[in-house]
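K.L.:
Just so it is clear, I am handing over query.cif, which has mmCIF, N, CA and C atoms.
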```cif
data_coords
loop_
_atom_site.label_atom_id
_atom_site.label_comp_id
_atom_site.auth_asym_id
_atom_site.auth_seq_id
_atom_site.Cartn_x
_atom_site.Cartn_y
_atom_site.Cartn_z
N MET A 1 90.60 28.85 16.74
CA MET A 1 90.82 27.82 17.72
C MET A 1 92.33 27.57 17.86
N LEU A 2 92.74 27.26 19.07
CA LEU A 2 94.14 26.97 19.36
C LEU A 2 94.22 25.66 20.11
N ASN A 3 95.00 24.75 19.59
CA ASN A 3 95.25 23.48 20.28
C ASN A 3 96.62 23.54 20.93
N ILE A 4 96.68 23.06 22.17
CA ILE A 4 97.91 23.11 22.95
C ILE A 4 98.20 21.70 23.47
N ALA A 5 99.41 21.22 23.16
CA ALA A 5 99.87 19.92 23.67
C ALA A 5 101.25 20.12 24.26
N VAL A 6 101.46 19.59 25.46
CA VAL A 6 102.71 19.81 26.17
C VAL A 6 103.52 18.52 26.25
N VAL A 7 104.81 18.65 26.00
CA VAL A 7 105.76 17.55 26.13
C VAL A 7 106.87 18.03 27.05
N GLN A 8 107.16 17.26 28.07
CA GLN A 8 108.23 17.63 29.00
C GLN A 8 109.53 16.98 28.53
N GLU A 9 110.52 17.81 28.21
CA GLU A 9 111.86 17.33 27.86
C GLU A 9 112.79 17.93 28.90
N ALA A 10 112.68 17.38 30.11
CA ALA A 10 113.33 17.94 31.30
C ALA A 10 114.72 18.46 31.00
N PRO A 11 114.99 19.66 31.40
CA PRO A 11 114.16 20.57 32.20
C PRO A 11 113.29 21.51 31.35
N VAL A 12 113.21 21.25 30.05
CA VAL A 12 112.50 22.15 29.14
C VAL A 12 111.07 21.66 28.92
N THR A 13 110.14 22.61 28.94
CA THR A 13 108.75 22.32 28.62
C THR A 13 108.50 22.75 27.18
N VAL A 14 108.10 21.81 26.34
CA VAL A 14 107.78 22.11 24.95
C VAL A 14 106.27 22.22 24.81
N VAL A 15 105.83 23.38 24.36
CA VAL A 15 104.40 23.63 24.17
C VAL A 15 104.14 23.65 22.67
N ASN A 16 103.49 22.59 22.18
CA ASN A 16 103.18 22.47 20.76
C ASN A 16 101.84 23.14 20.49
N LEU A 17 101.86 24.10 19.58
CA LEU A 17 100.66 24.87 19.27
C LEU A 17 100.20 24.62 17.85
N SER A 18 98.88 24.62 17.67
CA SER A 18 98.34 24.57 16.31
C SER A 18 97.05 25.38 16.27
N GLY A 19 96.90 26.13 15.21
CA GLY A 19 95.75 27.02 15.06
C GLY A 19 96.21 28.45 14.97
N SER A 20 95.40 29.36 15.49
CA SER A 20 95.71 30.79 15.47
C SER A 20 95.89 31.31 16.88
N VAL A 21 96.83 32.24 17.04
CA VAL A 21 97.00 32.92 18.32
C VAL A 21 96.47 34.33 18.10
N ASP A 22 95.23 34.54 18.51
CA ASP A 22 94.55 35.80 18.23
C ASP A 22 93.73 36.25 19.42
N THR A 23 92.85 37.19 19.21
CA THR A 23 92.04 37.75 20.28
C THR A 23 91.25 36.68 21.02
N LEU A 24 90.78 35.68 20.30
CA LEU A 24 89.96 34.63 20.92
C LEU A 24 90.77 33.61 21.69
N THR A 25 92.06 33.47 21.39
CA THR A 25 92.85 32.40 21.99
C THR A 25 94.04 32.87 22.83
N ALA A 26 94.39 34.14 22.74
CA ALA A 26 95.59 34.65 23.42
C ALA A 26 95.53 34.48 24.93
N ASP A 27 94.38 34.75 25.53
CA ASP A 27 94.27 34.61 26.99
C ASP A 27 94.47 33.16 27.43
N THR A 28 93.98 32.24 26.64
CA THR A 28 94.19 30.82 26.94
C THR A 28 95.67 30.49 26.93
N LEU A 29 96.38 31.00 25.93
CA LEU A 29 97.82 30.74 25.84
C LEU A 29 98.55 31.38 27.02
N THR A 30 98.22 32.62 27.36
CA THR A 30 98.85 33.29 28.49
C THR A 30 98.63 32.51 29.78
N THR A 31 97.42 32.08 30.00
CA THR A 31 97.09 31.31 31.20
C THR A 31 97.86 29.99 31.24
N HIS A 32 97.91 29.32 30.11
CA HIS A 32 98.59 28.03 30.02
C HIS A 32 100.09 28.17 30.28
N LEU A 33 100.72 29.11 29.61
CA LEU A 33 102.15 29.31 29.81
C LEU A 33 102.45 29.79 31.23
N GLY A 34 101.62 30.70 31.74
CA GLY A 34 101.81 31.20 33.09
C GLY A 34 101.73 30.11 34.15
N ALA A 35 100.84 29.15 33.95
CA ALA A 35 100.71 28.04 34.90
C ALA A 35 102.00 27.23 34.96
N HIS A 36 102.61 26.97 33.82
CA HIS A 36 103.88 26.23 33.80
C HIS A 36 104.97 27.02 34.52
N ILE A 37 105.03 28.30 34.27
CA ILE A 37 106.06 29.14 34.88
C ILE A 37 105.89 29.17 36.40
N ARG A 38 104.65 29.35 36.85
CA ARG A 38 104.40 29.40 38.30
C ARG A 38 104.67 28.06 38.97
N GLU A 39 104.62 26.98 38.22
CA GLU A 39 104.93 25.65 38.76
C GLU A 39 106.41 25.33 38.69
N GLY A 40 107.23 26.33 38.31
CA GLY A 40 108.67 26.16 38.30
C GLY A 40 109.24 25.64 36.99
N ARG A 41 108.41 25.55 35.97
CA ARG A 41 108.88 25.11 34.65
C ARG A 41 108.96 26.35 33.74
N SER A 42 110.03 27.14 33.95
CA SER A 42 110.13 28.42 33.25
C SER A 42 111.02 28.38 32.01
N MET A 43 111.58 27.23 31.69
CA MET A 43 112.32 27.09 30.42
C MET A 43 111.35 26.47 29.42
N ILE A 44 110.80 27.33 28.57
CA ILE A 44 109.71 26.92 27.69
C ILE A 44 110.06 27.17 26.23
N VAL A 45 109.76 26.17 25.40
CA VAL A 45 109.84 26.30 23.95
C VAL A 45 108.42 26.23 23.42
N ALA A 46 108.01 27.28 22.71
CA ALA A 46 106.71 27.28 22.05
C ALA A 46 106.93 26.87 20.59
N ASN A 47 106.45 25.69 20.25
CA ASN A 47 106.58 25.18 18.88
C ASN A 47 105.45 25.77 18.04
N PHE A 48 105.80 26.68 17.15
CA PHE A 48 104.83 27.39 16.32
C PHE A 48 104.64 26.75 14.95
N GLU A 49 105.10 25.54 14.78
CA GLU A 49 105.00 24.88 13.47
C GLU A 49 103.56 24.85 12.96
N GLY A 50 102.60 24.69 13.85
CA GLY A 50 101.20 24.59 13.44
C GLY A 50 100.42 25.89 13.55
N VAL A 51 101.12 27.01 13.76
CA VAL A 51 100.44 28.30 13.91
C VAL A 51 100.62 29.09 12.61
N GLY A 52 99.51 29.40 11.97
CA GLY A 52 99.56 30.13 10.72
C GLY A 52 99.26 31.60 10.84
N PHE A 53 98.79 32.02 12.03
CA PHE A 53 98.42 33.42 12.21
C PHE A 53 98.58 33.82 13.66
N THR A 54 99.06 35.05 13.88
CA THR A 54 99.03 35.66 15.20
C THR A 54 98.68 37.13 15.05
N SER A 55 97.91 37.61 16.00
CA SER A 55 97.51 39.02 16.02
C SER A 55 98.28 39.75 17.11
N SER A 56 97.94 41.02 17.29
CA SER A 56 98.59 41.79 18.35
C SER A 56 98.27 41.20 19.72
N ALA A 57 97.11 40.60 19.88
CA ALA A 57 96.77 39.94 21.14
C ALA A 57 97.69 38.74 21.38
N GLY A 58 98.03 38.03 20.33
CA GLY A 58 98.97 36.92 20.44
C GLY A 58 100.36 37.40 20.81
N LEU A 59 100.78 38.52 20.22
CA LEU A 59 102.07 39.10 20.55
C LEU A 59 102.12 39.52 22.01
N ARG A 60 101.04 40.10 22.49
CA ARG A 60 100.96 40.50 23.90
C ARG A 60 101.09 39.29 24.81
N SER A 61 100.45 38.19 24.45
CA SER A 61 100.54 36.96 25.23
C SER A 61 101.98 36.46 25.29
N LEU A 62 102.66 36.48 24.17
CA LEU A 62 104.06 36.04 24.13
C LEU A 62 104.94 36.94 24.98
N LEU A 63 104.72 38.25 24.90
CA LEU A 63 105.53 39.20 25.67
C LEU A 63 105.32 39.02 27.17
N ILE A 64 104.08 38.90 27.59
CA ILE A 64 103.78 38.68 29.02
C ILE A 64 104.46 37.41 29.51
N SER A 65 104.33 36.34 28.75
CA SER A 65 104.89 35.05 29.16
C SER A 65 106.41 35.06 29.15
N MET A 66 107.00 35.71 28.15
CA MET A 66 108.45 35.80 28.09
C MET A 66 109.00 36.56 29.29
N LYS A 67 108.38 37.69 29.61
CA LYS A 67 108.83 38.49 30.75
C LYS A 67 108.69 37.72 32.06
N GLU A 68 107.59 37.00 32.23
CA GLU A 68 107.37 36.22 33.44
C GLU A 68 108.40 35.10 33.55
N ALA A 69 108.68 34.43 32.45
CA ALA A 69 109.68 33.36 32.46
C ALA A 69 111.07 33.91 32.79
N ARG A 70 111.42 35.04 32.20
CA ARG A 70 112.75 35.63 32.44
C ARG A 70 112.90 36.12 33.87
N ARG A 71 111.82 36.61 34.47
CA ARG A 71 111.87 37.05 35.87
C ARG A 71 112.21 35.90 36.81
N THR A 72 111.88 34.69 36.40
CA THR A 72 112.12 33.52 37.25
C THR A 72 113.37 32.74 36.82
N GLY A 73 114.17 33.34 35.96
CA GLY A 73 115.42 32.71 35.54
C GLY A 73 115.32 31.82 34.32
N GLY A 74 114.16 31.78 33.70
CA GLY A 74 113.96 30.97 32.50
C GLY A 74 113.83 31.84 31.27
N ASP A 75 113.12 31.32 30.28
CA ASP A 75 112.90 32.06 29.05
C ASP A 75 111.79 31.37 28.27
N LEU A 76 111.16 32.12 27.39
CA LEU A 76 110.23 31.58 26.41
C LEU A 76 110.90 31.74 25.06
N ARG A 77 111.12 30.62 24.38
CA ARG A 77 111.77 30.64 23.07
C ARG A 77 110.82 30.04 22.04
N LEU A 78 110.86 30.59 20.84
CA LEU A 78 109.98 30.13 19.78
C LEU A 78 110.73 29.21 18.83
N ALA A 79 109.99 28.27 18.26
CA ALA A 79 110.60 27.31 17.32
C ALA A 79 109.68 27.08 16.14
N ALA A 80 110.29 26.78 15.00
CA ALA A 80 109.58 26.37 13.79
C ALA A 80 108.46 27.34 13.39
N VAL A 81 108.78 28.62 13.44
CA VAL A 81 107.78 29.66 13.15
C VAL A 81 107.57 29.76 11.64
N GLN A 82 106.31 29.70 11.23
CA GLN A 82 105.97 29.80 9.82
C GLN A 82 106.27 31.21 9.29
N VAL A 83 106.47 31.30 8.00
CA VAL A 83 106.85 32.57 7.36
C VAL A 83 105.84 33.68 7.65
N SER A 84 104.55 33.37 7.61
CA SER A 84 103.53 34.40 7.84
C SER A 84 103.64 34.98 9.25
N VAL A 85 103.95 34.14 10.23
CA VAL A 85 104.10 34.61 11.61
C VAL A 85 105.46 35.29 11.78
N GLN A 86 106.49 34.79 11.09
CA GLN A 86 107.81 35.43 11.15
C GLN A 86 107.72 36.88 10.70
N LYS A 87 106.93 37.15 9.68
CA LYS A 87 106.76 38.51 9.19
C LYS A 87 106.16 39.41 10.25
N VAL A 88 105.15 38.91 10.95
CA VAL A 88 104.51 39.69 12.01
C VAL A 88 105.51 39.96 13.13
N LEU A 89 106.28 38.94 13.50
CA LEU A 89 107.29 39.10 14.56
C LEU A 89 108.35 40.12 14.15
N ALA A 90 108.76 40.09 12.90
CA ALA A 90 109.78 41.03 12.41
C ALA A 90 109.24 42.45 12.36
N LEU A 91 108.05 42.64 11.81
CA LEU A 91 107.47 43.98 11.68
C LEU A 91 107.18 44.62 13.03
N SER A 92 106.86 43.79 14.01
CA SER A 92 106.52 44.31 15.34
C SER A 92 107.75 44.51 16.23
N GLY A 93 108.91 44.05 15.77
CA GLY A 93 110.13 44.17 16.57
C GLY A 93 110.36 42.99 17.51
N PHE A 94 109.44 42.04 17.53
CA PHE A 94 109.57 40.90 18.43
C PHE A 94 110.73 39.99 18.05
N ALA A 95 111.08 39.97 16.79
CA ALA A 95 112.19 39.10 16.35
C ALA A 95 113.51 39.53 16.99
N SER A 96 113.58 40.77 17.44
CA SER A 96 114.82 41.24 18.07
C SER A 96 114.84 41.02 19.58
N ILE A 97 113.69 40.75 20.19
CA ILE A 97 113.67 40.55 21.65
C ILE A 97 113.41 39.10 22.06
N MET A 98 112.90 38.29 21.14
CA MET A 98 112.65 36.88 21.44
C MET A 98 113.67 36.01 20.72
N LYS A 99 114.03 34.92 21.34
CA LYS A 99 114.92 33.97 20.69
C LYS A 99 114.06 33.01 19.86
N ILE A 100 114.41 32.94 18.55
CA ILE A 100 113.63 32.15 17.61
C ILE A 100 114.56 31.15 16.94
N TYR A 101 114.14 29.89 16.89
CA TYR A 101 114.96 28.81 16.35
C TYR A 101 114.23 28.11 15.21
N PRO A 102 115.01 27.58 14.24
CA PRO A 102 114.39 26.91 13.10
C PRO A 102 113.61 25.64 13.48
N SER A 103 114.03 24.97 14.56
CA SER A 103 113.37 23.73 14.95
C SER A 103 113.20 23.66 16.46
N THR A 104 112.28 22.84 16.88
CA THR A 104 112.06 22.62 18.30
C THR A 104 113.30 22.03 18.95
N GLU A 105 113.93 21.10 18.26
CA GLU A 105 115.14 20.46 18.81
C GLU A 105 116.23 21.49 19.10
N GLU A 106 116.45 22.42 18.17
CA GLU A 106 117.47 23.45 18.37
C GLU A 106 117.11 24.37 19.54
N ALA A 107 115.83 24.67 19.68
CA ALA A 107 115.40 25.53 20.78
C ALA A 107 115.60 24.83 22.12
N VAL A 108 115.29 23.54 22.18
CA VAL A 108 115.48 22.78 23.42
C VAL A 108 116.96 22.74 23.79
N VAL A 109 117.82 22.44 22.81
CA VAL A 109 119.26 22.37 23.04
C VAL A 109 119.81 23.72 23.51
N SER A 110 119.20 24.82 23.06
CA SER A 110 119.70 26.15 23.43
C SER A 110 119.62 26.40 24.94
N PHE A 111 118.86 25.62 25.65
CA PHE A 111 118.75 25.77 27.10
C PHE A 111 119.85 25.02 27.86
N GLN A 112 120.65 24.25 27.17
CA GLN A 112 121.71 23.50 27.85
C GLN A 112 122.63 24.48 28.58
N GLY A 113 122.92 24.18 29.83
CA GLY A 113 123.77 25.04 30.62
C GLY A 113 123.05 26.17 31.33
N VAL A 114 121.75 26.35 31.05
CA VAL A 114 120.98 27.39 31.72
C VAL A 114 120.43 26.82 33.02
N ARG A 115 120.61 27.58 34.09
CA ARG A 115 120.08 27.15 35.39
C ARG A 115 119.02 28.13 35.85
N THR A 116 117.98 27.59 36.44
CA THR A 116 116.92 28.46 36.97
C THR A 116 116.98 28.47 38.48
#
```
Please, can you express the file's structure as structure tokens?
P.N.:
Amino acid sequence: MLNIAVVQEAPVTVVNLSGSVDTLTADTLTTHLGAHIREGRSMIVANFEGVGFTSSAGLRSLLISMKEARRTGGDLRLAAVQVSVQKVLALSGFASIMKIYPSTEEAVVSFQGVRT
């Protein structure tokens, strides 16, 4: 199960996640993030503090959403990623293509000066 709660910190959309990002939940995450991007909110921070597991389906969801956000002048940035998920991101090479921050606050601040 994946719980999603959104907080708007204009112009950044913070998506707080808890649960697992896996085969059963990845499509929900892709749809949710895509809706924000299509509505013009393409500067997104995904708070992974409550995510203890991600599978290859979860990685695919992140990649799709990151590419869509970047195409519209924004970005998808990760924050507060747990060690177990950090390992998956590192082994898969995602740590080198996604911007990852220790905290949600730092990820939000990283968008300062970015225009979409």
K.L.:
Looking at A:Ile37, A:Met98, A:Ala10, A:Val88, which one is nearest to Ser55 of chain A, with distances taken over only N, CA and C atoms?
P.N.:
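Closest residue, counting only N, CA and C atoms: A:Val88.
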K.L.:
Taking the file as I've supplied it (selection: the PyMOL selection byres (((chain A and resi 17 and name CA) around 7) and name CA)), which residues are included? Please answer as a ChimeraX atom specification.
P.N.:
/A:2-5,15-16,18-19,47-48,50-51
K.L.:
Kindly give the distance, in Å, that separates atom N of Val109 of chain A and atom N of Val7 of chain A, rounded to a single decimal.
P.N.:
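Going from atom N of Val109 of chain A over to atom N of Val7 of chain A covers 13.9 Å.
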K.L.:
Give me, as a list in words, all polymer residues having an atom no more than 8 Å from segment 23-31 of chain A, counting only N, CA and C atoms and skipping those fewer than 3 positions away in the same chain.
P.N.:
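Listing them by chain and then by number gives Met1, Leu2, Ser20, Gly34, Ala35, His36, Ile37, Thr54, Ser55, Ser56, Ala57, Gly58, Leu59, Arg60, Ser61, Leu62, Ile64 and Ser65 of chain A.
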K.L.:
Using Å and a single decimal, report how far atom CA of Lys99 of chain A sits from atom N of Ala69 of chain A.
P.N.:
13.3 Å
K.L.:
Would you give me, as a ChimeraX atom specification, the residues in segment 41-86 of chain A that DSSP reads as alpha helix (DSSP H)?
P.N.:
/A:56-71,83-86
K.L.:
What gap, in Å, lies between atom CA of Ser84 of chain A and atom N of Ser96 of chain A?
P.N.:
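Atom-to-atom, atom CA of Ser84 of chain A to atom N of Ser96 of chain A, that is 15.3 Å.
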K.L.:
Extending 3 Å beyond the listed atoms of segment 42-47 of chain A on each side, what axis-aligned box results? I want centre and edge lengths in Å to one decimal, as AutoDock Vina command-line options.
P.N.:
```
--center_x 108.9 --center_y 26.8 --center_z 26.0 --size_x 12.9 --size_y 9.2 --size_z 21.9
```
